[in-house]
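J.: Once you've had a glance at the structure underneath, I'll fire off some questions.
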Amino acid sequence: MEELLQSIIGESWILYVLLAAPPLVFILVYALVTVWTEMKVSAHMQDRLAYMYTGPHGILQPVADILKLLQKEDTVPAAADKPLFIMAPYLVFIGTYAGFAALPFSSAYIGSDINLGAFYIIAVSSIVVVGLLMAGWASNNKWSIFGAMRSAAQIVSYEIPTALALLVAVMITGSLNLQDVIRFQEGGILNWVVFGGPLPVVQKLLLLPFTVTAFLIMFIAGVAEVNRTPFDLPEAESELVQGYNTEYSGMKFAIFYLAEYANMYLVSGVAACLFLGGWSSPFGDFMSGPLWGVFWIVAKGYFFVFLQIWIRWTLPRLRVDQLMYTSWKVLIPFLFVCLFGVGLILVL
Amino acid sequence: MELTTIVFYVFAAITLIAGAIVVFSRSIVYSAFALLFAFFGVAGLYVLLMADFLAVTQLMIYVGAILVLLIFGVMLTTRVIDVQMRTGTIHVLPALLIVAALAGVLVHVLVSTDWKVLPELFTPEETAPQIGTALLTTYVLPFEVASVILLVALIGAAMIARRERKV
Amino acid sequence: MEAVRTYFRDIWKALSSIAVGLNVTIRHLVRPAVTIQYPDVKLKMPERARNRLYVNIDDCIGCDQCALACPVDCITIETIKATPDQDLGVTSTGHKKRLHVPRFDIDIAKCCYCGLCVYPCPTECIVMTDVYEFSEFDRHNLIYQFSAMKPDQIDDAKAKLKKAEEEAAAKKAAAAAAAEEKKKSEQSKQG
Amino acid sequence: MGILNYKFESGNILITSLDGLLNWARLSSLWQMQFGLACCAIEMMAASASNFDIMRFGVIPRATPRQCDVMIVSGTVTLKMATRIKRLFDQMPEPRYVISMGSCSNCGGPYWEHGYHVLKGVDRVIPVDVYVPGCPPRPEALLEGIIKLQEKVRKESLAKKTVPTA
């Protein structure tokens, strides 16, 4: 895609803008769809209907929500730290959006084909933490700051299982470049890393328990990293009002919302790329190609988004100590075992 | 001007301005948050120097870990609702001396370096495998020693922070 | 050893219970919703539903029983006695109406829907209906006025009553005066 | 909304169709303040539950007043609570609406005469848009109140905040 565009408009800054735009467009459309899906899925899980009066089955509801949020008064509390308060939501969104740069959308399109793709995504998402801390501090509200601190502690401690689980996949594929990782898994569902990758059958069978565990842990840690139930302690309404976005209204809140949903897809997309073959078709050569690639990656990513929604409306919230116990005493030891096992099998 | 040059100046400006805020801001919180942009700018400069692994590591370690720790420290050491965290100016003379010495060294390095300009944009080789190989072959001893020291520090911190269990 | 076993058992328990929960929610996802889509479909009220009060003013005899029974005093009744020459008719239960009811206000905003006013009514004219959709933009619209009398009718009735009362008073005075006269004359006779 | 007050008295096609869109957005996404005061709150919860499902109208409970559009005052407003309600209302950003639910918050209800501790109607501290009568109102009655409020929002205009109702 880069070459194609380059041949049309030549080397100029417009090229780079055009190359950077697709993820943004995707995020906006995806967020609208997911807001609606989340509410509909939650409602039907509770035998309700939700959203019936804005278009058929309320499909225009997200549009109404956005238009309404645009009209809302944009308040900045008098006691807040104004510059930081205004900057925080954008910083959170930038952190998320920067992650999308290295997320492949098809064999022909990736925002930035860097060698350290997966590592870069993990690194850049730490800007989100600073953004959340900034929001919490600048609001000058105790609930905000408690929410921000919980959120930061949670994201920082769950980054470790995410990175370790990522290492398991990287050890098998031998590359941090997400495009290479996906190319490695091309050729059907059995070549996916979660099923041991395209290795000899004996090795695959031996790898299977470790890859499945790593994949599960990657997903759990991903849910925790985007602060969703059952790990939504930073936004626990019953304790902290709304967490770090308690004082945000109107458009600034909408940007937080957008970043949260974009983050959901980001962790899902990374998990799909590393373990489920990204844009590669599950049927080998059938239904593969750049455009089908877009379909497959979005379908796989969206499946995880749906899974996150499903889990959110099933499980209650964890306690803080349970949260830390899960990360440090369950996920990380299991991943160490996985790393060791995978290393041993690959070497032998 | 070439795009790379513009990007370089943008990152340099971000780094310098953020650094200035870190130093001159009266509020510790502002300094801490400005550090984010300083680190970010430095990471950008690393990318321009073809050191992509270093850039990402910079983001990961400094922004993801050290800065968060720093902000946590700043926030926890003050009362939660109190924003009045100020820094004063103390020890002007020793500071000036140290800064002058440091500036001398830096200027000396700047002058004595044999600057080379890359002829054109070239695709960088992967730095991650090289760094990995170097760390596990040539520098394996310092690497392991450093990790053992860190482990000891970690265990020590856990020991100190642990609440005494009443028997 | 026990600790290790508990550790793994806890993990297994957590995973299996999550699976149970997910199973429940996904089954509900595909089940049809139970929602009654209110403005389009309405729930039928049960027979003895207590909602908005209604007063059939034609049957009201102005006995004030309901106002007395009301625990929150949301019913205000004013009455004017009918003069003997006026025939107000009878209620559907056969009670003779002897009072005009120029004012029968119920402040529905205050009403607590207890239904205590319904039971003492001798003519069963105050009832609880099944109307529950009557929200208002202005609170004063929630004061319901049931009296059918127009202001001139009220004035008329008042005037008539006043006249009748005056006449009665005059008659009484005349009778009293006559009695006095009689008494005086008797006294003088005796004297 | 206040800037444009009475600048477009007559209105034109652009303003009116834009009004229509913006009003539609506002009325179909009335986020509700997640708080309940007394027994009416139980009915409010029932209205959110599966059988009545207030979310069909786009009403989502939000925990913080900063993100709310409508405050449903559901229940007895004690004098102590009145100050809190006033503060929460002040924290809500414009445009904001209030539904007074049930007799107690309409006018004091059973406590209108002898309740020494009860505010005689929440409209003494905050402006109320819709009064839903009932003690407590049925969940449907609350839904009807929401529909009534939506009607009111539909009649609003960018130029004038509220068109006086006939």
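Simple scheme: letters A, B, ... for chains in structure tokens order, numbers from 1 for residues in each chain, numbers from 1 for ligands in the order shown.
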Skipping near chain neighbours, those fewer than 5 positions away, what residues fall within 8 Å of Ala157 of chain C using only C-alpha atoms, listed as a PyMOL selection string?
T.: chain C and resi 80+82+100
J.: Would you pick out the contacts of Pro133 of chain D at 8 Å or less, using only C-alpha atoms, so that residues sharing its chain but fewer than 3 positions from it are not included, and give the list as a PDB file with N, CA, C and O atoms, in the first residue's frame?
T.:
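Written out: around-v9.pdb:
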```
ATOM      1  N   ILE C 108     -53.419  15.381  43.702  1.00  0.00           N
ATOM      2  CA  ILE C 108     -52.858  14.051  43.404  1.00  0.00           C
ATOM      3  C   ILE C 108     -51.369  14.011  43.727  1.00  0.00           C
ATOM      4  O   ILE C 108     -50.794  12.967  44.009  1.00  0.00           O
ATOM      5  N   ALA C 109     -50.727  15.170  43.686  1.00  0.00           N
ATOM      6  CA  ALA C 109     -49.306  15.212  44.020  1.00  0.00           C
ATOM      7  C   ALA C 109     -49.069  14.775  45.458  1.00  0.00           C
ATOM      8  O   ALA C 109     -48.048  14.198  45.777  1.00  0.00           O
ATOM      9  N   PHE C 134     -49.899  10.108  34.010  1.00  0.00           N
ATOM     10  CA  PHE C 134     -50.405  11.487  33.998  1.00  0.00           C
ATOM     11  C   PHE C 134     -49.372  12.454  34.545  1.00  0.00           C
ATOM     12  O   PHE C 134     -49.697  13.351  35.301  1.00  0.00           O
ATOM     13  N   SER C 135     -48.130  12.266  34.146  1.00  0.00           N
ATOM     14  CA  SER C 135     -47.101  13.193  34.614  1.00  0.00           C
ATOM     15  C   SER C 135     -47.331  14.571  33.980  1.00  0.00           C
ATOM     16  O   SER C 135     -47.948  14.690  32.932  1.00  0.00           O
ATOM     17  N   LEU C 142     -51.478  19.071  38.818  1.00  0.00           N
ATOM     18  CA  LEU C 142     -51.770  17.804  39.482  1.00  0.00           C
ATOM     19  C   LEU C 142     -52.868  17.953  40.523  1.00  0.00           C
ATOM     20  O   LEU C 142     -53.242  16.992  41.166  1.00  0.00           O
TER      21      LEU C 142
ATOM     22  N   MET D 101     -39.778  12.406  40.812  1.00  0.00           N
ATOM     23  CA  MET D 101     -40.532  11.157  40.767  1.00  0.00           C
ATOM     24  C   MET D 101     -41.205  10.904  42.104  1.00  0.00           C
ATOM     25  O   MET D 101     -40.541  10.854  43.133  1.00  0.00           O
ATOM     26  N   GLY D 102     -42.506  10.766  42.091  1.00  0.00           N
ATOM     27  CA  GLY D 102     -43.234  10.387  43.299  1.00  0.00           C
ATOM     28  C   GLY D 102     -43.716  11.571  44.101  1.00  0.00           C
ATOM     29  O   GLY D 102     -43.220  12.693  43.994  1.00  0.00           O
ATOM     30  N   SER D 103     -44.706  11.292  44.942  1.00  0.00           N
ATOM     31  CA  SER D 103     -45.370  12.345  45.716  1.00  0.00           C
ATOM     32  C   SER D 103     -44.386  13.114  46.581  1.00  0.00           C
ATOM     33  O   SER D 103     -44.465  14.332  46.690  1.00  0.00           O
ATOM     34  N   ASN D 106     -42.450  15.514  44.645  1.00  0.00           N
ATOM     35  CA  ASN D 106     -43.318  16.486  43.999  1.00  0.00           C
ATOM     36  C   ASN D 106     -43.689  17.615  44.965  1.00  0.00           C
ATOM     37  O   ASN D 106     -43.619  18.782  44.615  1.00  0.00           O
ATOM     38  N   PRO D 136     -45.279   4.780  45.358  1.00  0.00           N
ATOM     39  CA  PRO D 136     -44.458   5.326  44.281  1.00  0.00           C
ATOM     40  C   PRO D 136     -45.106   5.116  42.919  1.00  0.00           C
ATOM     41  O   PRO D 136     -45.989   4.284  42.793  1.00  0.00           O
ATOM     42  N   PRO D 137     -44.630   5.836  41.904  1.00  0.00           N
ATOM     43  CA  PRO D 137     -45.177   5.644  40.561  1.00  0.00           C
ATOM     44  C   PRO D 137     -44.803   4.265  40.042  1.00  0.00           C
ATOM     45  O   PRO D 137     -43.749   3.739  40.383  1.00  0.00           O
ATOM     46  N   ALA D 141     -44.992   4.534  34.729  1.00  0.00           N
ATOM     47  CA  ALA D 141     -45.246   5.958  34.927  1.00  0.00           C
ATOM     48  C   ALA D 141     -43.944   6.737  34.765  1.00  0.00           C
ATOM     49  O   ALA D 141     -43.918   7.822  34.180  1.00  0.00           O
TER      50      ALA D 141
END
```
J.: Dump as JSON, numbers by chain the residues of chain D that approach chain A to within 12 Å, counting only C-alpha atoms.
T.: {"D": [1, 2, 18, 19, 20, 21, 22, 23, 24, 25, 26, 27, 28, 29, 30, 31, 33, 34, 35, 47, 48, 49, 50, 51, 52, 53, 54, 55, 56, 57, 58, 59, 60, 61, 62, 63, 64, 65, 66, 67, 68, 69, 90, 91, 92, 93, 94, 95, 96, 147, 150, 158]}
J.: Find the distance between atom CA of Ala79 of chain A and atom CA of Phe40 of chain B and write it in Å to one decimal.
T.: 28.9 Å
J.: Please identify all polymer residues within 8 Å of Val22 of chain B, counting only C-alpha atoms, omitting same-chain residues fewer than 6 positions from it, and present them as a ChimeraX atom specification.
T.: /B:30-32,34-35
J.: Ranking D:Gly75, D:Gly134, D:Gly115, D:Gly36 by minimum distance to chain C and counting only C-alpha atoms, which one comes first?
T.: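 Counting only C-alpha atoms, the residue closest to chain C is D:Gly134.
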J.: Counting only C-alpha atoms, collect the residues of chain C whose closest atom lies at most 12 Å from chain D, and write them out as a ChimeraX atom specification.
T.: /C:28,32-45,49-53,70-74,107-115,130-143
J.: What is the atom CA of Thr96 of chain A-atom CA of Gly196 of chain A distance in Å, reported with one decimal?
T.: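 If I compute the distance from atom CA of Thr96 of chain A to atom CA of Gly196 of chain A, I get 29.7 Å.
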J.: Pick the closest to Met87 of chain A from A:Trp137, A:Phe340, A:Phe283, A:Trp296: which is it, counting only C-alpha atoms?
T.: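 Closest to Met87 of chain A, using only C-alpha atoms: A:Trp137.
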J.: Rounded to one decimal in Å, what is the spacing between atom CA of Met218 of chain A and atom CA of Thr162 of chain A?
T.: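 Taking atom CA of Met218 of chain A and atom CA of Thr162 of chain A, their separation equals 5.3 Å.
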J.: Could the residues of chain B within 8 Å of chain A, counting only C-alpha atoms, be given as JSON, numbers by chain, please?
T.: {"B": [3, 33, 36, 52, 53, 56, 57, 59, 60, 63, 64, 65, 67, 68, 71, 72, 75, 80, 81, 83, 126, 128]}
J.: I want to know what sits within 10 Å of Leu307 of chain A, based on only C-alpha atoms, with residues of the same chain fewer than 3 positions away left out; could you give that as a ChimeraX atom specification?
T.: /A:219,223,268,301-304,310-312 /C:22
J.: Identify all residues of segment 54-147 of chain C in helix (DSSP H, G or I) (DSSP on the backbone) and supply them as an MDAnalysis selection string.
T.: chainID C and resid 57:59 65:69 139:142
J.: Kindly save the residues from that selection, with N, CA and C atoms included, as a PDB file, in the first residue's frame.
T.:
```pdb
ATOM      1  N   ILE C  57     -68.777  12.981  40.562  1.00  0.00           N
ATOM      2  CA  ILE C  57     -69.315  14.079  41.366  1.00  0.00           C
ATOM      3  C   ILE C  57     -70.848  14.045  41.400  1.00  0.00           C
ATOM      4  N   ASP C  58     -71.447  13.380  40.394  1.00  0.00           N
ATOM      5  CA  ASP C  58     -72.908  13.295  40.386  1.00  0.00           C
ATOM      6  C   ASP C  58     -73.433  12.526  41.591  1.00  0.00           C
ATOM      7  N   ASP C  59     -72.602  11.573  42.061  1.00  0.00           N
ATOM      8  CA  ASP C  59     -73.050  10.752  43.176  1.00  0.00           C
ATOM      9  C   ASP C  59     -72.619  11.303  44.520  1.00  0.00           C
ATOM     10  N   GLN C  65     -66.637  12.384  54.346  1.00  0.00           N
ATOM     11  CA  GLN C  65     -66.060  11.193  54.976  1.00  0.00           C
ATOM     12  C   GLN C  65     -64.676  10.903  54.415  1.00  0.00           C
ATOM     13  N   CYS C  66     -64.543  11.053  53.066  1.00  0.00           N
ATOM     14  CA  CYS C  66     -63.272  10.713  52.442  1.00  0.00           C
ATOM     15  C   CYS C  66     -62.187  11.669  52.920  1.00  0.00           C
ATOM     16  N   ALA C  67     -62.514  12.942  53.004  1.00  0.00           N
ATOM     17  CA  ALA C  67     -61.519  13.920  53.440  1.00  0.00           C
ATOM     18  C   ALA C  67     -61.065  13.621  54.857  1.00  0.00           C
ATOM     19  N   LEU C  68     -62.030  13.154  55.685  1.00  0.00           N
ATOM     20  CA  LEU C  68     -61.663  12.816  57.065  1.00  0.00           C
ATOM     21  C   LEU C  68     -60.765  11.587  57.099  1.00  0.00           C
ATOM     22  N   ALA C  69     -61.037  10.635  56.182  1.00  0.00           N
ATOM     23  CA  ALA C  69     -60.259   9.403  56.194  1.00  0.00           C
ATOM     24  C   ALA C  69     -58.859   9.608  55.654  1.00  0.00           C
ATOM     25  N   ARG C 139     -46.538  21.421  38.465  1.00  0.00           N
ATOM     26  CA  ARG C 139     -47.082  20.705  39.596  1.00  0.00           C
ATOM     27  C   ARG C 139     -48.532  21.075  39.872  1.00  0.00           C
ATOM     28  N   HIS C 140     -48.904  22.332  39.572  1.00  0.00           N
ATOM     29  CA  HIS C 140     -50.262  22.764  39.916  1.00  0.00           C
ATOM     30  C   HIS C 140     -51.303  22.068  39.060  1.00  0.00           C
ATOM     31  N   ASN C 141     -50.866  21.514  37.929  1.00  0.00           N
ATOM     32  CA  ASN C 141     -51.816  20.750  37.122  1.00  0.00           C
ATOM     33  C   ASN C 141     -52.172  19.437  37.777  1.00  0.00           C
ATOM     34  N   LEU C 142     -51.478  19.071  38.818  1.00  0.00           N
ATOM     35  CA  LEU C 142     -51.770  17.804  39.482  1.00  0.00           C
ATOM     36  C   LEU C 142     -52.868  17.953  40.523  1.00  0.00           C
TER      37      LEU C 142
END
```
J.: Near Leu79 of chain D, within 12 Å and counting only C-alpha atoms, which residues show up once chain neighbours fewer than 6 positions away are dropped, as a PyMOL selection string?
T.: chain D and resi 85-86+105+108+115-122+124-125
J.: Please produce a file of the residues just selected, as a CSV table (one decimal), in the first residue's frame, where the atoms kept are all heavy atoms.
T.:
```csv
chain,number,residue,atom,x,y,z
D,85,ILE,N,-28.6,17.3,47.0
D,85,ILE,CA,-29.2,17.3,45.6
D,85,ILE,C,-28.9,18.6,44.9
D,85,ILE,O,-28.5,18.6,43.7
D,85,ILE,CB,-30.7,17.1,45.8
D,85,ILE,CG1,-31.0,15.7,46.2
D,85,ILE,CG2,-31.4,17.5,44.5
D,85,ILE,CD1,-32.5,15.4,46.4
D,86,LYS,N,-28.9,19.7,45.6
D,86,LYS,CA,-28.6,21.0,45.0
D,86,LYS,C,-27.2,20.9,44.5
D,86,LYS,O,-26.9,21.4,43.3
D,86,LYS,CB,-28.8,22.0,46.0
D,86,LYS,CG,-28.3,23.4,45.6
D,86,LYS,CD,-29.5,24.2,45.0
D,86,LYS,CE,-29.1,25.6,44.6
D,86,LYS,NZ,-28.9,25.7,43.2
D,105,SER,N,-41.2,13.8,46.4
D,105,SER,CA,-40.4,14.9,45.8
D,105,SER,C,-41.2,15.9,45.0
D,105,SER,O,-40.8,17.0,44.7
D,105,SER,CB,-39.3,14.3,44.9
D,105,SER,OG,-39.8,13.8,43.7
D,108,GLY,N,-43.7,16.9,48.8
D,108,GLY,CA,-43.6,16.5,50.2
D,108,GLY,C,-44.4,15.2,50.5
D,108,GLY,O,-44.2,14.5,51.5
D,115,GLY,N,-44.3,16.8,58.2
D,115,GLY,CA,-43.0,16.3,58.1
D,115,GLY,C,-42.0,17.4,58.4
D,115,GLY,O,-41.6,18.2,57.5
D,116,TYR,N,-41.5,17.5,59.6
D,116,TYR,CA,-40.6,18.6,60.0
D,116,TYR,C,-39.2,18.4,59.3
D,116,TYR,O,-38.5,19.3,59.3
D,116,TYR,CB,-40.4,18.5,61.5
D,116,TYR,CG,-39.8,17.2,62.0
D,116,TYR,CD1,-38.4,17.1,62.2
D,116,TYR,CD2,-40.6,16.1,62.3
D,116,TYR,CE1,-37.8,15.9,62.5
D,116,TYR,CE2,-40.0,14.9,62.7
D,116,TYR,CZ,-38.6,14.9,62.8
D,116,TYR,OH,-38.1,13.7,63.2
D,117,HIS,N,-39.0,17.2,58.8
D,117,HIS,CA,-37.6,17.0,58.2
D,117,HIS,C,-37.6,16.9,56.7
D,117,HIS,O,-36.6,16.5,56.2
D,117,HIS,CB,-37.1,15.7,58.8
D,117,HIS,CG,-38.0,14.5,58.5
D,117,HIS,ND1,-39.4,14.5,58.7
D,117,HIS,CD2,-37.8,13.4,57.8
D,117,HIS,CE1,-39.9,13.4,58.3
D,117,HIS,NE2,-38.9,12.7,57.7
D,118,VAL,N,-38.8,17.1,56.1
D,118,VAL,CA,-38.9,16.8,54.7
D,118,VAL,C,-39.0,18.1,53.9
D,118,VAL,O,-39.8,19.0,54.3
D,118,VAL,CB,-40.0,15.9,54.4
D,118,VAL,CG1,-40.2,15.7,52.9
D,118,VAL,CG2,-39.8,14.5,55.0
D,119,LEU,N,-38.3,18.2,52.8
D,119,LEU,CA,-38.5,19.4,51.9
D,119,LEU,C,-39.8,19.2,51.2
D,119,LEU,O,-40.1,18.2,50.6
D,119,LEU,CB,-37.3,19.4,50.9
D,119,LEU,CG,-37.2,20.6,50.0
D,119,LEU,CD1,-36.7,21.8,50.9
D,119,LEU,CD2,-36.3,20.4,48.9
D,120,LYS,N,-40.6,20.3,51.2
D,120,LYS,CA,-41.9,20.2,50.6
D,120,LYS,C,-41.8,20.4,49.1
D,120,LYS,O,-42.2,21.4,48.6
D,120,LYS,CB,-42.9,21.2,51.2
D,120,LYS,CG,-42.8,21.2,52.8
D,120,LYS,CD,-43.4,20.0,53.3
D,120,LYS,CE,-43.4,20.0,54.8
D,120,LYS,NZ,-42.1,19.7,55.4
D,121,GLY,N,-41.3,19.4,48.4
D,121,GLY,CA,-41.2,19.5,47.0
D,121,GLY,C,-39.8,19.9,46.6
D,121,GLY,O,-39.2,20.9,47.0
D,122,VAL,N,-39.2,19.1,45.7
D,122,VAL,CA,-37.8,19.3,45.3
D,122,VAL,C,-37.7,20.5,44.5
D,122,VAL,O,-36.6,21.1,44.3
D,122,VAL,CB,-37.2,18.0,44.6
D,122,VAL,CG1,-37.7,17.9,43.2
D,122,VAL,CG2,-35.7,18.0,44.6
D,124,ARG,N,-38.3,23.3,45.2
D,124,ARG,CA,-37.9,24.4,46.0
D,124,ARG,C,-36.4,24.6,46.0
D,124,ARG,O,-35.9,25.7,46.4
D,124,ARG,CB,-38.3,24.2,47.5
D,124,ARG,CG,-39.8,24.2,47.6
D,124,ARG,CD,-40.2,24.3,49.0
D,124,ARG,NE,-41.7,24.2,49.1
D,124,ARG,CZ,-42.4,24.7,50.1
D,124,ARG,NH1,-41.8,25.3,51.1
D,124,ARG,NH2,-43.7,24.7,50.1
D,125,VAL,N,-35.6,23.6,45.6
D,125,VAL,CA,-34.2,23.8,45.4
D,125,VAL,C,-33.7,23.7,44.0
D,125,VAL,O,-32.7,24.4,43.7
D,125,VAL,CB,-33.4,22.8,46.3
D,125,VAL,CG1,-33.4,23.2,47.8
D,125,VAL,CG2,-33.8,21.4,46.1
```
